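my_file-v2.pdb (PDB, N, CA and C atoms) appears below.
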ATOM      1  N   MET T   1     -35.240   4.943  -6.377
ATOM      2  CA  MET T   1     -36.499   4.680  -5.715
ATOM      3  C   MET T   1     -37.630   4.820  -6.733
ATOM      4  N   ARG T   2     -37.566   4.027  -7.760
ATOM      5  CA  ARG T   2     -38.582   4.095  -8.819
ATOM      6  C   ARG T   2     -39.892   3.443  -8.420
ATOM      7  N   ASN T   3     -39.909   2.706  -7.316
ATOM      8  CA  ASN T   3     -41.121   2.038  -6.845
ATOM      9  C   ASN T   3     -41.795   2.871  -5.771
ATOM     10  N   THR T   4     -42.960   3.408  -6.115
ATOM     11  CA  THR T   4     -43.688   4.215  -5.148
ATOM     12  C   THR T   4     -44.567   3.316  -4.272
ATOM     13  N   PRO T   5     -44.860   3.764  -3.070
ATOM     14  CA  PRO T   5     -45.693   2.956  -2.172
ATOM     15  C   PRO T   5     -47.103   2.767  -2.727
ATOM     16  N   VAL T   6     -47.657   1.595  -2.509
ATOM     17  CA  VAL T   6     -49.038   1.328  -2.922
ATOM     18  C   VAL T   6     -49.982   1.388  -1.716
ATOM     19  N   SER T   7     -49.414   1.464  -0.539
ATOM     20  CA  SER T   7     -50.202   1.640   0.683
ATOM     21  C   SER T   7     -49.375   2.479   1.645
ATOM     22  N   ASN T   8     -49.927   2.760   2.800
ATOM     23  CA  ASN T   8     -49.203   3.539   3.810
ATOM     24  C   ASN T   8     -48.383   2.679   4.756
ATOM     25  N   ASP T   9     -48.459   1.371   4.607
ATOM     26  CA  ASP T   9     -47.780   0.463   5.514
ATOM     27  C   ASP T   9     -46.271   0.502   5.282
ATOM     28  N   LYS T  10     -45.567   1.036   6.249
ATOM     29  CA  LYS T  10     -44.107   1.212   6.150
ATOM     30  C   LYS T  10     -43.386  -0.125   5.999
ATOM     31  N   LYS T  11     -43.744  -1.094   6.813
ATOM     32  CA  LYS T  11     -43.073  -2.403   6.777
ATOM     33  C   LYS T  11     -43.327  -3.108   5.444
ATOM     34  N   GLU T  12     -44.535  -3.013   4.949
ATOM     35  CA  GLU T  12     -44.869  -3.609   3.653
ATOM     36  C   GLU T  12     -44.021  -2.995   2.539
ATOM     37  N   TYR T  13     -43.879  -1.676   2.583
ATOM     38  CA  TYR T  13     -43.077  -0.989   1.572
ATOM     39  C   TYR T  13     -41.597  -1.338   1.707
ATOM     40  N   GLU T  14     -41.104  -1.395   2.933
ATOM     41  CA  GLU T  14     -39.715  -1.783   3.179
ATOM     42  C   GLU T  14     -39.446  -3.164   2.563
ATOM     43  N   ASN T  15     -40.315  -4.114   2.867
ATOM     44  CA  ASN T  15     -40.152  -5.470   2.326
ATOM     45  C   ASN T  15     -40.257  -5.494   0.806
ATOM     46  N   PHE T  16     -41.176  -4.706   0.266
ATOM     47  CA  PHE T  16     -41.353  -4.641  -1.182
ATOM     48  C   PHE T  16     -40.091  -4.122  -1.875
ATOM     49  N   ILE T  17     -39.542  -3.039  -1.348
ATOM     50  CA  ILE T  17     -38.326  -2.468  -1.953
ATOM     51  C   ILE T  17     -37.171  -3.467  -1.884
ATOM     52  N   ILE T  18     -36.987  -4.071  -0.733
ATOM     53  CA  ILE T  18     -35.892  -5.033  -0.569
ATOM     54  C   ILE T  18     -36.092  -6.234  -1.490
ATOM     55  N   ASP T  19     -37.320  -6.703  -1.613
ATOM     56  CA  ASP T  19     -37.602  -7.802  -2.551
ATOM     57  C   ASP T  19     -37.268  -7.408  -3.983
ATOM     58  N   GLN T  20     -37.596  -6.177  -4.359
ATOM     59  CA  GLN T  20     -37.291  -5.696  -5.702
ATOM     60  C   GLN T  20     -35.780  -5.664  -5.951
ATOM     61  N   ILE T  21     -35.039  -5.226  -4.960
ATOM     62  CA  ILE T  21     -33.577  -5.189  -5.078
ATOM     63  C   ILE T  21     -33.031  -6.607  -5.228
ATOM     64  N   GLN T  22     -33.515  -7.523  -4.401
ATOM     65  CA  GLN T  22     -33.058  -8.922  -4.464
ATOM     66  C   GLN T  22     -33.394  -9.542  -5.821
ATOM     67  N   GLN T  23     -34.614  -9.296  -6.315
ATOM     68  CA  GLN T  23     -35.021  -9.846  -7.609
ATOM     69  C   GLN T  23     -34.154  -9.298  -8.739
ATOM     70  N   GLU T  24     -33.883  -8.012  -8.696
ATOM     71  CA  GLU T  24     -33.045  -7.399  -9.729
ATOM     72  C   GLU T  24     -31.637  -7.987  -9.689
ATOM     73  N   PHE T  25     -31.115  -8.160  -8.483
ATOM     74  CA  PHE T  25     -29.787  -8.741  -8.324
ATOM     75  C   PHE T  25     -29.762 -10.167  -8.868
ATOM     76  N   GLU T  26     -30.744 -10.970  -8.493
ATOM     77  CA  GLU T  26     -30.803 -12.352  -8.966
ATOM     78  C   GLU T  26     -30.982 -12.421 -10.482
ATOM     79  N   HIS T  27     -31.754 -11.487 -11.019
ATOM     80  CA  HIS T  27     -31.949 -11.434 -12.469
ATOM     81  C   HIS T  27     -30.618 -11.178 -13.186
ATOM     82  N   ASN T  28     -29.762 -10.399 -12.567
ATOM     83  CA  ASN T  28     -28.483 -10.035 -13.175
ATOM     84  C   ASN T  28     -27.318 -10.902 -12.707
ATOM     85  N   LEU T  29     -27.616 -11.959 -11.974
ATOM     86  CA  LEU T  29     -26.573 -12.819 -11.426
ATOM     87  C   LEU T  29     -25.633 -13.358 -12.500
ATOM     88  N   SER T  30     -26.159 -13.699 -13.651
ATOM     89  CA  SER T  30     -25.321 -14.250 -14.717
ATOM     90  C   SER T  30     -24.335 -13.219 -15.259
ATOM     91  N   GLN T  31     -24.567 -11.948 -15.004
ATOM     92  CA  GLN T  31     -23.682 -10.898 -15.507
ATOM     93  C   GLN T  31     -22.310 -10.923 -14.845
ATOM     94  N   GLN T  32     -22.196 -11.644 -13.731
ATOM     95  CA  GLN T  32     -20.913 -11.665 -13.034
ATOM     96  C   GLN T  32     -19.807 -12.285 -13.876
ATOM     97  N   ILE T  33     -20.152 -13.064 -14.885
ATOM     98  CA  ILE T  33     -19.110 -13.649 -15.736
ATOM     99  C   ILE T  33     -18.458 -12.610 -16.638
ATOM    100  N   TYR T  34     -19.082 -11.425 -16.760
ATOM    101  CA  TYR T  34     -18.566 -10.382 -17.640
ATOM    102  C   TYR T  34     -17.723  -9.337 -16.923
ATOM    103  N   VAL T  35     -17.677  -9.394 -15.601
ATOM    104  CA  VAL T  35     -16.915  -8.396 -14.851
ATOM    105  C   VAL T  35     -15.900  -9.099 -13.958
ATOM    106  N   SER T  36     -14.949  -8.326 -13.484
ATOM    107  CA  SER T  36     -13.922  -8.888 -12.609
ATOM    108  C   SER T  36     -14.524  -9.289 -11.259
ATOM    109  N   GLY T  37     -13.796 -10.106 -10.541
ATOM    110  CA  GLY T  37     -14.206 -10.498  -9.203
ATOM    111  C   GLY T  37     -14.333  -9.302  -8.280
ATOM    112  N   GLU T  38     -13.413  -8.367  -8.420
ATOM    113  CA  GLU T  38     -13.459  -7.142  -7.609
ATOM    114  C   GLU T  38     -14.733  -6.353  -7.905
ATOM    115  N   CYS T  39     -15.055  -6.235  -9.169
ATOM    116  CA  CYS T  39     -16.251  -5.489  -9.563
ATOM    117  C   CYS T  39     -17.510  -6.167  -9.017
ATOM    118  N   TRP T  40     -17.577  -7.484  -9.147
ATOM    119  CA  TRP T  40     -18.754  -8.199  -8.646
ATOM    120  C   TRP T  40     -18.883  -8.050  -7.132
ATOM    121  N   SER T  41     -17.761  -8.049  -6.441
ATOM    122  CA  SER T  41     -17.776  -7.858  -4.992
ATOM    123  C   SER T  41     -18.316  -6.474  -4.639
ATOM    124  N   ILE T  42     -17.935  -5.474  -5.387
ATOM    125  CA  ILE T  42     -18.420  -4.112  -5.142
ATOM    126  C   ILE T  42     -19.913  -4.014  -5.446
ATOM    127  N   ILE T  43     -20.373  -4.721  -6.464
ATOM    128  CA  ILE T  43     -21.796  -4.755  -6.780
ATOM    129  C   ILE T  43     -22.576  -5.374  -5.618
ATOM    130  N   GLN T  44     -22.074  -6.477  -5.089
ATOM    131  CA  GLN T  44     -22.736  -7.119  -3.942
ATOM    132  C   GLN T  44     -22.739  -6.199  -2.723
ATOM    133  N   THR T  45     -21.635  -5.523  -2.499
ATOM    134  CA  THR T  45     -21.537  -4.590  -1.381
ATOM    135  C   THR T  45     -22.534  -3.450  -1.550
ATOM    136  N   ALA T  46     -22.670  -2.943  -2.768
ATOM    137  CA  ALA T  46     -23.626  -1.866  -3.038
ATOM    138  C   ALA T  46     -25.055  -2.331  -2.779
ATOM    139  N   LYS T  47     -25.364  -3.542  -3.203
ATOM    140  CA  LYS T  47     -26.702  -4.101  -2.959
ATOM    141  C   LYS T  47     -26.962  -4.192  -1.461
ATOM    142  N   ASN T  48     -26.022  -4.753  -0.735
ATOM    143  CA  ASN T  48     -26.187  -4.925   0.701
ATOM    144  C   ASN T  48     -26.263  -3.586   1.438
ATOM    145  N   ALA T  49     -25.468  -2.620   0.998
ATOM    146  CA  ALA T  49     -25.488  -1.293   1.620
ATOM    147  C   ALA T  49     -26.818  -0.593   1.361
ATOM    148  N   THR T  50     -27.370  -0.777   0.190
ATOM    149  CA  THR T  50     -28.668  -0.186  -0.135
ATOM    150  C   THR T  50     -29.769  -0.789   0.732
ATOM    151  N   ILE T  51     -29.745  -2.102   0.877
ATOM    152  CA  ILE T  51     -30.727  -2.774   1.729
ATOM    153  C   ILE T  51     -30.572  -2.306   3.172
ATOM    154  N   GLN T  52     -29.346  -2.180   3.634
ATOM    155  CA  GLN T  52     -29.095  -1.711   4.999
ATOM    156  C   GLN T  52     -29.612  -0.286   5.186
ATOM    157  N   LEU T  53     -29.408   0.566   4.200
ATOM    158  CA  LEU T  53     -29.898   1.940   4.256
ATOM    159  C   LEU T  53     -31.420   1.960   4.413
ATOM    160  N   ILE T  54     -32.111   1.116   3.676
ATOM    161  CA  ILE T  54     -33.571   1.035   3.752
ATOM    162  C   ILE T  54     -34.004   0.534   5.130
ATOM    163  N   ARG T  55     -33.336  -0.476   5.634
ATOM    164  CA  ARG T  55     -33.696  -1.027   6.951
ATOM    165  C   ARG T  55     -33.478  -0.003   8.069
ATOM    166  N   ILE T  56     -32.369   0.693   7.998
ATOM    167  CA  ILE T  56     -32.087   1.720   9.007
ATOM    168  C   ILE T  56     -33.122   2.836   8.926
ATOM    169  N   ALA T  57     -33.449   3.247   7.721
ATOM    170  CA  ALA T  57     -34.449   4.304   7.551
ATOM    171  C   ALA T  57     -35.796   3.871   8.110
ATOM    172  N   ALA T  58     -36.164   2.624   7.890
ATOM    173  CA  ALA T  58     -37.456   2.115   8.370
ATOM    174  C   ALA T  58     -37.513   2.078   9.894
ATOM    175  N   GLN T  59     -36.371   1.984  10.549
ATOM    176  CA  GLN T  59     -36.333   1.940  12.011
ATOM    177  C   GLN T  59     -36.336   3.333  12.650
ATOM    178  N   ASN T  60     -36.145   4.352  11.826
ATOM    179  CA  ASN T  60     -36.123   5.714  12.346
ATOM    180  C   ASN T  60     -37.499   6.065  12.911
ATOM    181  N   GLU T  61     -37.528   6.606  14.106
ATOM    182  CA  GLU T  61     -38.806   6.899  14.763
ATOM    183  C   GLU T  61     -39.611   7.982  14.053
ATOM    184  N   LYS T  62     -38.959   8.799  13.233
ATOM    185  CA  LYS T  62     -39.673   9.837  12.483
ATOM    186  C   LYS T  62     -40.387   9.272  11.256
ATOM    187  N   VAL T  63     -40.007   8.073  10.855
ATOM    188  CA  VAL T  63     -40.592   7.437   9.673
ATOM    189  C   VAL T  63     -41.798   6.623  10.119
ATOM    190  N   LYS T  64     -42.980   7.123   9.797
ATOM    191  CA  LYS T  64     -44.221   6.489  10.252
ATOM    192  C   LYS T  64     -44.959   5.744   9.137
ATOM    193  N   THR T  65     -44.828   6.226   7.896
ATOM    194  CA  THR T  65     -45.585   5.650   6.779
ATOM    195  C   THR T  65     -44.646   5.250   5.648
ATOM    196  N   ALA T  66     -45.202   4.574   4.672
ATOM    197  CA  ALA T  66     -44.422   4.188   3.493
ATOM    198  C   ALA T  66     -43.911   5.428   2.756
ATOM    199  N   ALA T  67     -44.750   6.450   2.667
ATOM    200  CA  ALA T  67     -44.333   7.692   2.007
ATOM    201  C   ALA T  67     -43.177   8.346   2.764
ATOM    202  N   ASP T  68     -43.242   8.301   4.102
ATOM    203  CA  ASP T  68     -42.137   8.833   4.910
ATOM    204  C   ASP T  68     -40.848   8.063   4.636
ATOM    205  N   LEU T  69     -40.964   6.754   4.529
ATOM    206  CA  LEU T  69     -39.790   5.916   4.263
ATOM    207  C   LEU T  69     -39.168   6.285   2.928
ATOM    208  N   ARG T  70     -40.003   6.382   1.911
ATOM    209  CA  ARG T  70     -39.503   6.746   0.579
ATOM    210  C   ARG T  70     -38.807   8.104   0.615
ATOM    211  N   GLU T  71     -39.452   9.081   1.237
ATOM    212  CA  GLU T  71     -38.894  10.429   1.321
ATOM    213  C   GLU T  71     -37.583  10.434   2.101
ATOM    214  N   PHE T  72     -37.534   9.696   3.194
ATOM    215  CA  PHE T  72     -36.336   9.637   4.024
ATOM    216  C   PHE T  72     -35.160   9.055   3.240
ATOM    217  N   VAL T  73     -35.397   7.960   2.532
ATOM    218  CA  VAL T  73     -34.329   7.324   1.759
ATOM    219  C   VAL T  73     -33.866   8.238   0.638
ATOM    220  N   VAL T  74     -34.807   8.806  -0.094
ATOM    221  CA  VAL T  74     -34.440   9.700  -1.196
ATOM    222  C   VAL T  74     -33.665  10.903  -0.683
ATOM    223  N   SER T  75     -34.140  11.520   0.383
ATOM    224  CA  SER T  75     -33.449  12.704   0.905
ATOM    225  C   SER T  75     -32.080  12.358   1.473
ATOM    226  N   SER T  76     -31.921  11.168   2.026
ATOM    227  CA  SER T  76     -30.612  10.788   2.550
ATOM    228  C   SER T  76     -29.609  10.577   1.428
ATOM    229  N   LEU T  77     -30.098  10.253   0.239
ATOM    230  CA  LEU T  77     -29.196  10.052  -0.899
ATOM    231  C   LEU T  77     -28.858  11.351  -1.621
ATOM    232  N   VAL T  78     -29.579  12.417  -1.304
ATOM    233  CA  VAL T  78     -29.291  13.717  -1.909
ATOM    234  C   VAL T  78     -27.990  14.269  -1.355
ATOM    235  N   ASP T  79     -27.768  14.039  -0.072
ATOM    236  CA  ASP T  79     -26.591  14.594   0.606
ATOM    237  C   ASP T  79     -25.309  13.814   0.358
ATOM    238  N   LYS T  80     -25.454  12.573  -0.067
ATOM    239  CA  LYS T  80     -24.257  11.758  -0.286
ATOM    240  C   LYS T  80     -24.497  10.831  -1.477
ATOM    241  N   ALA T  81     -23.419  10.264  -1.960
ATOM    242  CA  ALA T  81     -23.523   9.352  -3.102
ATOM    243  C   ALA T  81     -24.233   8.068  -2.687
ATOM    244  N   SER T  82     -25.029   7.544  -3.590
ATOM    245  CA  SER T  82     -25.718   6.294  -3.294
ATOM    246  C   SER T  82     -24.715   5.146  -3.288
ATOM    247  N   PRO T  83     -25.039   4.061  -2.607
ATOM    248  CA  PRO T  83     -24.128   2.915  -2.576
ATOM    249  C   PRO T  83     -23.840   2.342  -3.969
ATOM    250  N   THR T  84     -24.740   2.559  -4.893
ATOM    251  CA  THR T  84     -24.537   1.999  -6.228
ATOM    252  C   THR T  84     -23.570   2.805  -7.087
ATOM    253  N   ASN T  85     -23.274   4.032  -6.700
ATOM    254  CA  ASN T  85     -22.393   4.868  -7.521
ATOM    255  C   ASN T  85     -21.013   4.254  -7.729
ATOM    256  N   ALA T  86     -20.414   3.722  -6.679
ATOM    257  CA  ALA T  86     -19.083   3.115  -6.800
ATOM    258  C   ALA T  86     -19.128   1.911  -7.729
ATOM    259  N   ALA T  87     -20.183   1.118  -7.600
ATOM    260  CA  ALA T  87     -20.322  -0.052  -8.464
ATOM    261  C   ALA T  87     -20.491   0.374  -9.916
ATOM    262  N   LEU T  88     -21.332   1.364 -10.162
ATOM    263  CA  LEU T  88     -21.534   1.841 -11.527
ATOM    264  C   LEU T  88     -20.252   2.417 -12.124
ATOM    265  N   ASP T  89     -19.510   3.161 -11.309
ATOM    266  CA  ASP T  89     -18.246   3.725 -11.791
ATOM    267  C   ASP T  89     -17.267   2.627 -12.200
ATOM    268  N   LEU T  90     -17.168   1.579 -11.402
ATOM    269  CA  LEU T  90     -16.252   0.487 -11.719
ATOM    270  C   LEU T  90     -16.717  -0.279 -12.957
ATOM    271  N   ILE T  91     -18.021  -0.496 -13.085
ATOM    272  CA  ILE T  91     -18.541  -1.167 -14.282
ATOM    273  C   ILE T  91     -18.209  -0.343 -15.518
ATOM    274  N   LYS T  92     -18.425   0.954 -15.464
ATOM    275  CA  LYS T  92     -18.105   1.832 -16.601
ATOM    276  C   LYS T  92     -16.617   1.777 -16.933
ATOM    277  N   GLN T  93     -15.794   1.752 -15.896
ATOM    278  CA  GLN T  93     -14.344   1.678 -16.097
ATOM    279  C   GLN T  93     -13.975   0.375 -16.797
ATOM    280  N   GLU T  94     -14.542  -0.731 -16.336
ATOM    281  CA  GLU T  94     -14.219  -2.027 -16.949
ATOM    282  C   GLU T  94     -14.735  -2.110 -18.385
ATOM    283  N   VAL T  95     -15.911  -1.597 -18.630
ATOM    284  CA  VAL T  95     -16.459  -1.599 -19.991
ATOM    285  C   VAL T  95     -15.601  -0.703 -20.887
ATOM    286  N   GLY T  96     -15.162   0.430 -20.333
ATOM    287  CA  GLY T  96     -14.315   1.335 -21.097
ATOM    288  C   GLY T  96     -13.005   0.699 -21.526
ATOM    289  N   GLN T  97     -12.509  -0.241 -20.757
ATOM    290  CA  GLN T  97     -11.267  -0.926 -21.104
ATOM    291  C   GLN T  97     -11.451  -1.889 -22.270
ATOM    292  N   LEU T  98     -12.700  -2.237 -22.551
ATOM    293  CA  LEU T  98     -12.967  -3.153 -23.661
ATOM    294  C   LEU T  98     -12.879  -2.459 -25.024
ATOM    295  N   TRP T  99     -13.062  -1.150 -25.015
ATOM    296  CA  TRP T  99     -13.059  -0.416 -26.282
ATOM    297  C   TRP T  99     -11.699  -0.054 -26.702
TER     298      TRP T  99
END
Kindly return the structure encoded in the file as structure tokens.
Amino acid sequence: MRNTPVSNDKKEYENFIIDQIQQEFEHNLSQQIYVSGECWSIIQTAKNATIQLIRIAAQNEKVKTAADLREFVVSSLVDKASPTNAALDLIKQEVGQLW
């Protein structure tokens, strides 16, 4: 969650974060030629799970502002592994096989 809210509007922040995730994914789309199909599938799943986590958090009735949304998402990831951890682990494993 490196992107901090620029306003208090929860929906605006939700859309901004999701747009950032989509842009990052699209920017790295060409990288799929360097990893296995299984790895790329896990990367896509991690992206989708992260977006779903943000959407669910934004729907929580306790989340009223953009700052609340950010805090809710960050705190929910403290208790469990982020969706990207599995993807990162597999990427590291595949890269490790190259050496």
Q: Determine the residue set returned by the PyMOL selection byres (((chain T and resi 63-67 and name CA) around 9) and name CA) for the present structure, and present it as a VMD selection string.
A: chain T and resid 4 to 14 57 to 62 68 to 72
**Q.** alpha helix (DSSP H) per DSSP on the backbone: members of chain T, as a PyMOL selection string
**A.** chain T and resi 10-27+37-59+66-78+84-98
Q. What is the distance between atom C of Asn28 (chain T) and atom C of Leu88 (chain T), in Å to one decimal?
A. 15.1 Å
Q: Could you please determine the separation between atom N of His27 (chain T) and atom C of Val73 (chain T) in Å, to one decimal place?
A: 23.0 Å
Q: To verify the selection step, state as a list in words which residues the PyMOL selection byres (((chain T and resi 35 and name CA) around 12) and name CA) yields on this input.
A: Asn28, Leu29, Ser30, Gln31, Gln32, Ile33, Tyr34, Ser36, Gly37, Glu38, Cys39, Trp40, Ser41, Ile42, Ile43, Ala87, Leu88, Leu90, Ile91, Lys92, Gln93, Glu94, Val95, Gly96, Gln97 and Leu98 of chain T
